[in-house]
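**Q** Would you mind keeping the following structure in view while I ask a few things?
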Amino acid sequence: MFWDIEGEPYTRAPGSDFAWLRARILGGRTNAWARISLRMSEWDFKPRSTDGMGDDWPISYEDLAPYYEKAEAYIGVYGSKDNIASTPDGLFQPPPKPRCYELLIKKACDKLGILCVPGRRAVITQPTHGRPPCHYCGQCERGCITASHFNSALVLIPPAMATNRLEIIPRAMAREIMVDGAGKARAVSYVDKTTGQEKKVRARAVVVAASACESARLLLNSRSEKFPNGLANSSGVVGRYLTDTLGSGMTGYFPQMEKLPPHDDEGAGGMHMFIPWWKWNQKRDFLRGYHIEFGGGRQMPYLASVNASKGLGVN
């Protein structure tokens, strides 16, 4: 698989199929996502108060809402204002038009009383901060030469470089956050992956933003006399109780789409419509509800999926 990296130091436990996708590249995980950009709702922040499970966060949706808006204004997110409690509205650019199969799904959803609305993705449909809008080539997984879809390597790093105050150290594997006698982070020790040498960079502030598993690795490696169990781990739970978003997929076949004349419906490279969380506030034999992202159509062959050649499908 594409996440089996040559020289990767991590292994899987015998009999385990667990695969952790790592993105040790400039821009990190923002290079490997579908750009689906949904705000968390008050229900997400207060699950204990809503259905009795999990724990309420010490902050609310209202605390983060202004920062959601700042992020959306800068990176550009398409969508529509739908006043859905489980998926709060944002600062949106116009969404692309639905494709043929999305219209078929929308028609069925309307008949069943299921919400089906324009998707919300970090792909611009209007000029934004010098970036041209998406021209719907549909090849997002090969990269975006126009920077119309968001990732930090294309959108955040270039303006930071233009300030002449950013230095990028390539092929540097952070090993440990080093603290002073007062317990304040003062440096990061890293391994130069080209030479194998350990080096150090000093800083007035250190930001840990390496995704869940890599951040946990770095904090647990950062042991010192003041923090014998690792940095920020007085609770002893750093690296424990990690979970993932669980889901399942299915494929459908639409005979209505057979023998259509050739046309370009690639669009913005991902979902133009989706089914937001629904039935999350109703009682059943399992907690919470459903969220469905779907794709399909007659796509050009591309490297990211072995199923692309199967043609008409929804998953």
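How things are named: the first chain in the structure tokens is A, the next is B, and so on; residues count from 1 in each chain; ligands count from 1 in the order shown.
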Please list as a ChimeraX atom specification every residue within 12 Å of Lys107 of chain A, counting only C-alpha atoms and excluding residues in the same chain fewer than 6 positions away.
**A** /A:98,100-101,113-117
**Q** Mind dumping the selected residues with C-alpha atoms as a PDB file, in the first residue's frame?
**A**
```pdb
ATOM      1  CA  PRO A  98     -24.543  18.861  -8.488  1.00  0.00           C
ATOM      2  CA  CYS A 100     -25.958  13.677 -12.465  1.00  0.00           C
ATOM      3  CA  TYR A 101     -25.649  10.972  -9.812  1.00  0.00           C
ATOM      4  CA  GLY A 113     -37.075  13.069   4.164  1.00  0.00           C
ATOM      5  CA  ILE A 114     -33.280  12.857   4.502  1.00  0.00           C
ATOM      6  CA  LEU A 115     -31.155  15.991   4.340  1.00  0.00           C
ATOM      7  CA  CYS A 116     -28.935  16.198   1.256  1.00  0.00           C
ATOM      8  CA  VAL A 117     -27.186  19.537   0.792  1.00  0.00           C
TER       9      VAL A 117
END
```
**Q** Using only C-alpha atoms, find each residue in segment 16-111 of chain A having at least one atom no more than 12 Å away from segment 276-295 of chain A; report its shortest atom-to-atom pair and that distance in Å (one decimal), rows by chain then rising number, as JSON lines.
**A**
```
{"residue": "A:Ala34", "atom": "CA", "partner": "A:Glu293", "partner_atom": "CA", "distance": 10.6}
{"residue": "A:Ile36", "atom": "CA", "partner": "A:Glu293", "partner_atom": "CA", "distance": 9.5}
{"residue": "A:Ser37", "atom": "CA", "partner": "A:Pro276", "partner_atom": "CA", "distance": 11.9}
{"residue": "A:Leu38", "atom": "CA", "partner": "A:Pro276", "partner_atom": "CA", "distance": 9.4}
{"residue": "A:Arg39", "atom": "CA", "partner": "A:Pro276", "partner_atom": "CA", "distance": 11.3}
{"residue": "A:Met40", "atom": "CA", "partner": "A:Trp277", "partner_atom": "CA", "distance": 10.9}
{"residue": "A:Ser41", "atom": "CA", "partner": "A:Trp277", "partner_atom": "CA", "distance": 10.4}
{"residue": "A:Trp43", "atom": "CA", "partner": "A:Asn281", "partner_atom": "CA", "distance": 9.2}
{"residue": "A:Asp44", "atom": "CA", "partner": "A:Trp280", "partner_atom": "CA", "distance": 10.7}
{"residue": "A:Pro47", "atom": "CA", "partner": "A:Arg288", "partner_atom": "CA", "distance": 9.9}
{"residue": "A:Arg48", "atom": "CA", "partner": "A:Leu287", "partner_atom": "CA", "distance": 11.8}
{"residue": "A:Ser49", "atom": "CA", "partner": "A:Asn281", "partner_atom": "CA", "distance": 11.9}
{"residue": "A:Thr50", "atom": "CA", "partner": "A:Asn281", "partner_atom": "CA", "distance": 8.1}
{"residue": "A:Asp51", "atom": "CA", "partner": "A:Leu287", "partner_atom": "CA", "distance": 7.8}
{"residue": "A:Gly52", "atom": "CA", "partner": "A:Leu287", "partner_atom": "CA", "distance": 9.8}
{"residue": "A:Met53", "atom": "CA", "partner": "A:Leu287", "partner_atom": "CA", "distance": 8.6}
{"residue": "A:Gly54", "atom": "CA", "partner": "A:Leu287", "partner_atom": "CA", "distance": 11.1}
{"residue": "A:Asp82", "atom": "CA", "partner": "A:Pro276", "partner_atom": "CA", "distance": 10.4}
{"residue": "A:Asn83", "atom": "CA", "partner": "A:Pro276", "partner_atom": "CA", "distance": 11.4}
{"residue": "A:Ile84", "atom": "CA", "partner": "A:Pro276", "partner_atom": "CA", "distance": 8.3}
{"residue": "A:Ala85", "atom": "CA", "partner": "A:Trp277", "partner_atom": "CA", "distance": 9.0}
{"residue": "A:Ser86", "atom": "CA", "partner": "A:Trp277", "partner_atom": "CA", "distance": 6.0}
{"residue": "A:Thr87", "atom": "CA", "partner": "A:Pro276", "partner_atom": "CA", "distance": 6.7}
{"residue": "A:Pro88", "atom": "CA", "partner": "A:Pro276", "partner_atom": "CA", "distance": 10.2}
{"residue": "A:Asp89", "atom": "CA", "partner": "A:Pro276", "partner_atom": "CA", "distance": 11.6}
{"residue": "A:Pro98", "atom": "CA", "partner": "A:Gly295", "partner_atom": "CA", "distance": 11.1}
{"residue": "A:Arg99", "atom": "CA", "partner": "A:Gly295", "partner_atom": "CA", "distance": 9.6}
{"residue": "A:Cys100", "atom": "CA", "partner": "A:Gly295", "partner_atom": "CA", "distance": 10.9}
{"residue": "A:Tyr101", "atom": "CA", "partner": "A:Gly295", "partner_atom": "CA", "distance": 8.3}
{"residue": "A:Glu102", "atom": "CA", "partner": "A:Gly295", "partner_atom": "CA", "distance": 8.0}
{"residue": "A:Leu103", "atom": "CA", "partner": "A:Gly295", "partner_atom": "CA", "distance": 11.8}
{"residue": "A:Leu104", "atom": "CA", "partner": "A:Phe294", "partner_atom": "CA", "distance": 11.8}
{"residue": "A:Ile105", "atom": "CA", "partner": "A:Phe294", "partner_atom": "CA", "distance": 9.2}
{"residue": "A:Lys106", "atom": "CA", "partner": "A:Phe294", "partner_atom": "CA", "distance": 11.2}
{"residue": "A:Cys109", "atom": "CA", "partner": "A:Ile292", "partner_atom": "CA", "distance": 11.6}
```
**Q** Write out, as a PDB file, in the first residue's frame, the residues just selected, with C-alpha atoms.
**A**
```pdb
ATOM      1  CA  ALA A  34     -10.547  15.252   0.841  1.00  0.00           C
ATOM      2  CA  ILE A  36     -14.085  18.244   3.623  1.00  0.00           C
ATOM      3  CA  SER A  37     -14.369  21.159   6.053  1.00  0.00           C
ATOM      4  CA  LEU A  38     -17.204  20.796   8.551  1.00  0.00           C
ATOM      5  CA  ARG A  39     -17.567  22.800  11.717  1.00  0.00           C
ATOM      6  CA  MET A  40     -18.090  20.847  14.918  1.00  0.00           C
ATOM      7  CA  SER A  41     -21.474  21.568  16.473  1.00  0.00           C
ATOM      8  CA  TRP A  43     -23.500  18.711  20.254  1.00  0.00           C
ATOM      9  CA  ASP A  44     -19.878  17.675  19.471  1.00  0.00           C
ATOM     10  CA  PRO A  47     -21.744  15.069  24.167  1.00  0.00           C
ATOM     11  CA  ARG A  48     -22.188  14.195  27.841  1.00  0.00           C
ATOM     12  CA  SER A  49     -24.920  16.792  28.190  1.00  0.00           C
ATOM     13  CA  THR A  50     -26.532  15.619  24.933  1.00  0.00           C
ATOM     14  CA  ASP A  51     -26.622  11.827  25.151  1.00  0.00           C
ATOM     15  CA  GLY A  52     -24.804  10.949  28.364  1.00  0.00           C
ATOM     16  CA  MET A  53     -21.665   9.524  26.749  1.00  0.00           C
ATOM     17  CA  GLY A  54     -18.162  10.936  26.497  1.00  0.00           C
ATOM     18  CA  ASP A  82     -28.677  25.332   5.545  1.00  0.00           C
ATOM     19  CA  ASN A  83     -29.324  26.016   9.263  1.00  0.00           C
ATOM     20  CA  ILE A  84     -28.540  22.441  10.312  1.00  0.00           C
ATOM     21  CA  ALA A  85     -27.976  22.041  14.064  1.00  0.00           C
ATOM     22  CA  SER A  86     -25.503  19.146  13.695  1.00  0.00           C
ATOM     23  CA  THR A  87     -23.456  20.918  10.985  1.00  0.00           C
ATOM     24  CA  PRO A  88     -23.242  24.684  11.656  1.00  0.00           C
ATOM     25  CA  ASP A  89     -23.118  27.088   8.746  1.00  0.00           C
ATOM     26  CA  PRO A  98     -24.543  18.861  -8.488  1.00  0.00           C
ATOM     27  CA  ARG A  99     -23.499  16.119 -10.872  1.00  0.00           C
ATOM     28  CA  CYS A 100     -25.958  13.677 -12.465  1.00  0.00           C
ATOM     29  CA  TYR A 101     -25.649  10.972  -9.812  1.00  0.00           C
ATOM     30  CA  GLU A 102     -25.827  13.567  -7.038  1.00  0.00           C
ATOM     31  CA  LEU A 103     -29.138  14.809  -8.428  1.00  0.00           C
ATOM     32  CA  LEU A 104     -30.443  11.229  -8.377  1.00  0.00           C
ATOM     33  CA  ILE A 105     -29.400  10.835  -4.736  1.00  0.00           C
ATOM     34  CA  LYS A 106     -30.869  14.222  -3.838  1.00  0.00           C
ATOM     35  CA  CYS A 109     -33.310  11.810  -0.165  1.00  0.00           C
TER      36      CYS A 109
END
```
**Q** For segment 196-202 of chain A, please output as a list in words all residues within 10 Å (counting only C-alpha atoms; exclusion window: fewer than 3 positions along the same chain).
**A** Ala172, Met173, Ala174, Arg175, Glu176, Ile177, Met178, Ala185, Arg186, Ala187, Val188, Ser189, Tyr190, Val191, Asp192, Lys193, Ala205 and Val206 of chain A
**Q** Between atom CA of Thr163 of chain A and atom CA of Thr125 of chain A, what is the spacing in Å?
**A**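 According to the coordinates, atom CA of Thr125 of chain A and atom CA of Thr163 of chain A are separated by 27.2 Å.
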**Q** Find the residues near Pro58 of chain A: any atom within 12 Å, counting only C-alpha atoms, skip ones fewer than 2 places away on the same chain, and give them as a list in words.
**A** Glu42, Asp44, Phe45, Lys46, Pro47, Arg48, Asp55, Asp56, Ser60, Tyr61, Glu62, Asp63 and Leu64 of chain A
**Q** For those residues, write N, CA and C atoms to a file as a PDB file, in the first residue's frame.
**A**
```
ATOM      1  N   GLU A  42     -22.344  22.322  18.594  1.00  0.00           N
ATOM      2  CA  GLU A  42     -22.403  22.354  20.053  1.00  0.00           C
ATOM      3  C   GLU A  42     -22.610  20.958  20.612  1.00  0.00           C
ATOM      4  N   ASP A  44     -21.204  18.294  19.428  1.00  0.00           N
ATOM      5  CA  ASP A  44     -19.878  17.675  19.471  1.00  0.00           C
ATOM      6  C   ASP A  44     -19.099  18.131  20.698  1.00  0.00           C
ATOM      7  N   PHE A  45     -19.277  19.391  21.065  1.00  0.00           N
ATOM      8  CA  PHE A  45     -18.551  19.923  22.218  1.00  0.00           C
ATOM      9  C   PHE A  45     -19.167  19.484  23.543  1.00  0.00           C
ATOM     10  N   LYS A  46     -20.452  19.154  23.546  1.00  0.00           N
ATOM     11  CA  LYS A  46     -21.141  18.801  24.791  1.00  0.00           C
ATOM     12  C   LYS A  46     -21.834  17.444  24.678  1.00  0.00           C
ATOM     13  N   PRO A  47     -21.092  16.373  24.349  1.00  0.00           N
ATOM     14  CA  PRO A  47     -21.744  15.069  24.167  1.00  0.00           C
ATOM     15  C   PRO A  47     -22.337  14.510  25.456  1.00  0.00           C
ATOM     16  N   ARG A  48     -21.669  14.718  26.575  1.00  0.00           N
ATOM     17  CA  ARG A  48     -22.188  14.195  27.841  1.00  0.00           C
ATOM     18  C   ARG A  48     -23.542  14.818  28.159  1.00  0.00           C
ATOM     19  N   ASP A  55     -17.319  13.048  27.275  1.00  0.00           N
ATOM     20  CA  ASP A  55     -17.145  14.151  28.221  1.00  0.00           C
ATOM     21  C   ASP A  55     -17.359  15.474  27.505  1.00  0.00           C
ATOM     22  N   ASP A  56     -17.972  16.411  28.202  1.00  0.00           N
ATOM     23  CA  ASP A  56     -18.125  17.752  27.658  1.00  0.00           C
ATOM     24  C   ASP A  56     -16.768  18.448  27.581  1.00  0.00           C
ATOM     25  N   SER A  60     -16.907  25.877  24.240  1.00  0.00           N
ATOM     26  CA  SER A  60     -18.145  25.676  23.505  1.00  0.00           C
ATOM     27  C   SER A  60     -17.944  26.005  22.029  1.00  0.00           C
ATOM     28  N   TYR A  61     -18.968  25.729  21.237  1.00  0.00           N
ATOM     29  CA  TYR A  61     -18.923  26.089  19.821  1.00  0.00           C
ATOM     30  C   TYR A  61     -18.764  27.599  19.666  1.00  0.00           C
ATOM     31  N   GLU A  62     -19.452  28.370  20.484  1.00  0.00           N
ATOM     32  CA  GLU A  62     -19.381  29.823  20.377  1.00  0.00           C
ATOM     33  C   GLU A  62     -17.969  30.337  20.612  1.00  0.00           C
ATOM     34  N   ASP A  63     -17.185  29.638  21.428  1.00  0.00           N
ATOM     35  CA  ASP A  63     -15.801  30.051  21.667  1.00  0.00           C
ATOM     36  C   ASP A  63     -14.967  29.933  20.395  1.00  0.00           C
ATOM     37  N   LEU A  64     -15.240  28.906  19.594  1.00  0.00           N
ATOM     38  CA  LEU A  64     -14.428  28.651  18.399  1.00  0.00           C
ATOM     39  C   LEU A  64     -14.989  29.269  17.129  1.00  0.00           C
TER      40      LEU A  64
END
```
**Q** Which of these, A:Asp264, A:Glu214, A:Asp180, A:Glu258, has the shortest distance to Trp20 of chain A once you count only C-alpha atoms?
**A** A:Glu214
**Q** Would you please give, as JSON, numbers by chain, all residues of segment 94-276 of chain A that DSSP assigns to strand (DSSP E or B) based on the backbone?
**A** {"A": [117, 118, 121, 123, 128, 131, 149, 172, 173, 174, 175, 176, 177, 178, 179, 185, 186, 187, 188, 189, 190, 191, 192, 198, 199, 200, 201, 202, 273, 274, 275, 276]}
**Q** Would you export the selected residues with C-alpha atoms as a PDB file, in the first residue's frame, please?
**A**
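So the final result, stored in out_7.pdb, reads:
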```pdb
ATOM      1  CA  VAL A 117     -27.186  19.537   0.792  1.00  0.00           C
ATOM      2  CA  PRO A 118     -24.185  21.042  -1.036  1.00  0.00           C
ATOM      3  CA  ARG A 121     -14.920  21.602   1.036  1.00  0.00           C
ATOM      4  CA  VAL A 123     -11.799  24.296  -2.653  1.00  0.00           C
ATOM      5  CA  THR A 128      -9.163  34.251  -3.096  1.00  0.00           C
ATOM      6  CA  ARG A 131      -5.454  32.104  -5.973  1.00  0.00           C
ATOM      7  CA  HIS A 149      -7.674  23.435  -3.313  1.00  0.00           C
ATOM      8  CA  ALA A 172      14.254  16.609   9.809  1.00  0.00           C
ATOM      9  CA  MET A 173      12.629  14.086  12.176  1.00  0.00           C
ATOM     10  CA  ALA A 174      11.802  15.780  15.474  1.00  0.00           C
ATOM     11  CA  ARG A 175      12.960  13.566  18.332  1.00  0.00           C
ATOM     12  CA  GLU A 176      12.492  15.489  21.577  1.00  0.00           C
ATOM     13  CA  ILE A 177      11.269  18.799  22.953  1.00  0.00           C
ATOM     14  CA  MET A 178      13.906  20.062  25.359  1.00  0.00           C
ATOM     15  CA  VAL A 179      12.985  22.123  28.423  1.00  0.00           C
ATOM     16  CA  ALA A 185      10.183  24.384  26.141  1.00  0.00           C
ATOM     17  CA  ARG A 186      13.333  25.959  24.762  1.00  0.00           C
ATOM     18  CA  ALA A 187      14.569  23.728  21.919  1.00  0.00           C
ATOM     19  CA  VAL A 188      13.764  20.785  19.685  1.00  0.00           C
ATOM     20  CA  SER A 189      16.217  17.976  19.057  1.00  0.00           C
ATOM     21  CA  TYR A 190      15.851  16.444  15.591  1.00  0.00           C
ATOM     22  CA  VAL A 191      17.558  13.812  13.470  1.00  0.00           C
ATOM     23  CA  ASP A 192      18.808  14.764  10.023  1.00  0.00           C
ATOM     24  CA  GLU A 198      21.219  14.635  15.721  1.00  0.00           C
ATOM     25  CA  LYS A 199      20.871  18.415  15.733  1.00  0.00           C
ATOM     26  CA  LYS A 200      19.102  21.035  17.813  1.00  0.00           C
ATOM     27  CA  VAL A 201      17.152  24.182  17.058  1.00  0.00           C
ATOM     28  CA  ARG A 202      16.403  26.682  19.819  1.00  0.00           C
ATOM     29  CA  MET A 273     -23.254  17.247  -2.203  1.00  0.00           C
ATOM     30  CA  PHE A 274     -23.422  15.181   0.982  1.00  0.00           C
ATOM     31  CA  ILE A 275     -25.773  13.965   3.693  1.00  0.00           C
ATOM     32  CA  PRO A 276     -24.933  15.726   6.992  1.00  0.00           C
TER      33      PRO A 276
END
```
**Q** Between atom CA of Leu219 of chain A and atom CA of Pro14 of chain A, what is the spacing in Å?
**A**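 A separation of 26.1 Å between them.
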**Q** Could you go through segment 75-314 of chain A and tell me which residues DSSP, when run on the backbone, assigns to helix (DSSP H, G or I), listing them as an MDAnalysis selection string?
**A** chainID A and resid 75 100:112 140:142 152:155 157:162 211:221 255:257 308:310
